[in-house]
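Student: Before I ask anything, here is the structure I am working with.
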Amino acid sequence: MLVLILIIAVSRYISHRYKPGSVIVVELDGPLSERASNQGLRLVKSPGAALSSIRHAIRSAQDDPRIVGLAIKVVDPQMELAQAQELSALVADFRAHGKWTTAYMETAGESGFGNLPYLVATSADEVSMMPQGEINLLGVGMRETFARDMFDWIKIKPIFDAIGKYKSAGNLFTQKDFTPAQREEDEALATSIFDQIVKQGAEHRHLAPDKLRALIDKAPLTASDGLKEKLLDRLEYEDEFSDRVKSYRGEHHDLIDADSYVGPNESIFGESNKIAVIYGVGAIQRGEGGYDPLLSPGSNAMGSDDMIKAFKKAREDDSIRAVVFRINSPGGEVIASELIRRSVELCARRKPVIVSMGGYAASGGFWIATPAARLFADPGTITGSIGVLGGKFNIAGAATSLGVNTGTVQRGANAFMFDSFSDFTPEQAQLFHDQILGNTYNYFVKLVAAQRHMTVEQVDAVAQGRVWTGEQALQAKLVDYLGDFDAALNEAKSMAKLDPKKPVELVELPQQISPLLKLLGGQVSGKASWHPPQALMPLLRDLRQVLARTGAFGEVYCPIAPRM
């Protein structure tokens, strides 16, 4: 074993002897996931990049005297506003360490939104684009889907109820247009997101916010227009960009891919102090997590069993001093959310748990965050949505039109309460509203009130199923701080009484199993290699809601997906 460790150490040293003056290259292409997938025994290479890997590379490189610069290639990334903000903050911090940065874009959107790729690229000292590129700073769009006429046409009756006037996920089935509350919520959300994009974009390019707003109203713009309006610094192709980086400022630079970069302080022996990073990613469901390769390709489901095991590991391992709970979830099942929340609570009784909210921590995603000592959100995080909804579909009319009839035998007044061939009786509707939904909502509000040191009335005023950006949530006292993952990590170190300047070993949980081992174990789940075009994502999300929510009772789920 000692000989093996020595061989690994020597091999690592030889393969990662970087020359002084080297440059780290980060390429953003495809979906940006929160966590890198298991590298061992992978059947196929996962598309896209991982925010955790990029963060680790940039943080290590900024303190590495051998690294002098950072080159970012923004090809065709798919990300959320909060992720774009975290990447921008990483680049800005790298620059603050006295090192140069430069970025290249093929295009900022192609027949679609380009705000977020542009936001990341312009966080560098300079940004270039290929001459035929587009600058699609189109603002923010939110399109809601209302399918009530379709259900009436196919003779299926949606029977849905919600606690919280803004809890609008069921409107897809029950409404033909916006309700006043839904429009109010979407208007406020779009305004907050748009203002953040304008403010940060203007700061990056040293433009007046009103000037950038005027350019947004003129978009899409050509690359030549962008150069003229000082949105870009130069026009060039990728090969020209790479050649320029290699000889940047008249000096020779070796280019190091961020995925293969190993920082100077990384040891195969690890650190004595550890902090667990537990990733809660995807829609929340009971049992094991997994993938939805049909309607949400490449995205995870957060399984309650996996999360319980992860927090049990963090709770019982004495070498783990604190936990950062990284949440990127729109919510899901009530029972699963409560099982996960309980495991977070048990862990928080023994060691600090700090929540770092990514793109989403809404509804059930907020529910599971409540036991944490501190809640951090990015300004663009979608959070809140403290409410509950549920219902069923009565398919009797559709069945009859197809020549299908049914008959029943019943014992018990509510034997067919959840039946798909009948409405709720008035008594059942009241029971459903007061007990199944009402009790869940009241419990949710009390959880938030106890943790946020607010009264139930104060929480109810900002709950009602309403969705907030992180920036708005801070004002509503639903989060403690605006900050990225590193801000949450530093808080975890502080609460664990660890030196914030000293490195700690990050233990990522839940433990990942390679696709090959899953197959050998009889599990036929794995990452899908196909990712749908961005233009189809709203339709697929709606379709997933129809399939996933059918017959679901007591859901804490947030369906809002702004397009930017």
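Residue numbering restarts at 1 for every chain of the structure tokens, chains are lettered A, B, ... in their displayed order, and ligands are numbered from 1 as they appear.
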Per DSSP on the backbone, what are the alpha helix (DSSP H) residues of region 163-201 of chain A, as a list in words?
Tutor: Asn171, Leu172, Phe173, Thr174, Pro180, Ala181, Gln182, Arg183, Glu184, Glu185, Asp186, Glu187, Ala188, Leu189, Ala190, Thr191, Ser192, Ile193, Phe194, Asp195, Gln196, Ile197, Val198, Lys199, Gln200 and Gly201 of chain A
Student: Residues at most 9 Å from Met105 (chain A), counting only C-alpha atoms, excluding those fewer than 2 positions away in the same chain, as an MDAnalysis selection string?
Tutor: chainID A and resid 72:76 103 107:108 117:118 121 127:130 133 237:238
Student: Mind giving me the straight-line distance from CA of Ser53 (chain A) to CA of Asp486 (chain A) in Å, one decimal?
Tutor: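 Answer for the CA of Ser53 (chain A) to CA of Asp486 (chain A) separation: 13.2 Å.
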Student: I'd like the contact shell of Asp233 (chain A) - 10 Å cut-off, only C-alpha atoms, skipping same-chain residues fewer than 2 positions apart - returned as a count of residues only.
Tutor: 16
Student: When distances are computed from only C-alpha atoms, which of A:Asn300, A:Ser247, A:Gln62, A:Ser356 shows the smallest separation from Ala492 (chain A)?
Tutor: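 Closest to Ala492 (chain A), using only C-alpha atoms: A:Ser356.
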Student: Would you list the contacts of region 421-432 of chain A as a ChimeraX atom specification, taking every protein, DNA or RNA residue within 7 Å and counting only C-alpha atoms, but skipping same-chain residues closer than 4 positions in sequence?
Tutor: /A:394-396,417,436-437
Student: Near Thr222 (chain A), counting only C-alpha atoms, which residues have an atom at most 8 Å away, once you skip same-chain residues fewer than 5 positions from it, shown as a count of residues only?
Tutor: 4
Student: Rank nothing, just name the residue among A:Ile24, A:Ala181, A:Ala84, A:Ile284 nearest to Asp484 (chain A), using only C-alpha atoms.
Tutor: A:Ala84
Student: I'd like the neighbourhood of region 360-365 of chain A as a PyMOL selection string, where a residue qualifies if any of its atoms comes within 7 Å (using only C-alpha atoms), though same-chain residues fewer than 2 positions away should be ignored.
Tutor: chain A and resi 327-332+337+357-358+367-369+381-387+556-558
Student: Which residue is closest to Ala49 (chain A)? Choose from A:Met79, A:Leu70, A:Val404, A:Val3 and count only C-alpha atoms.
Tutor: A:Met79
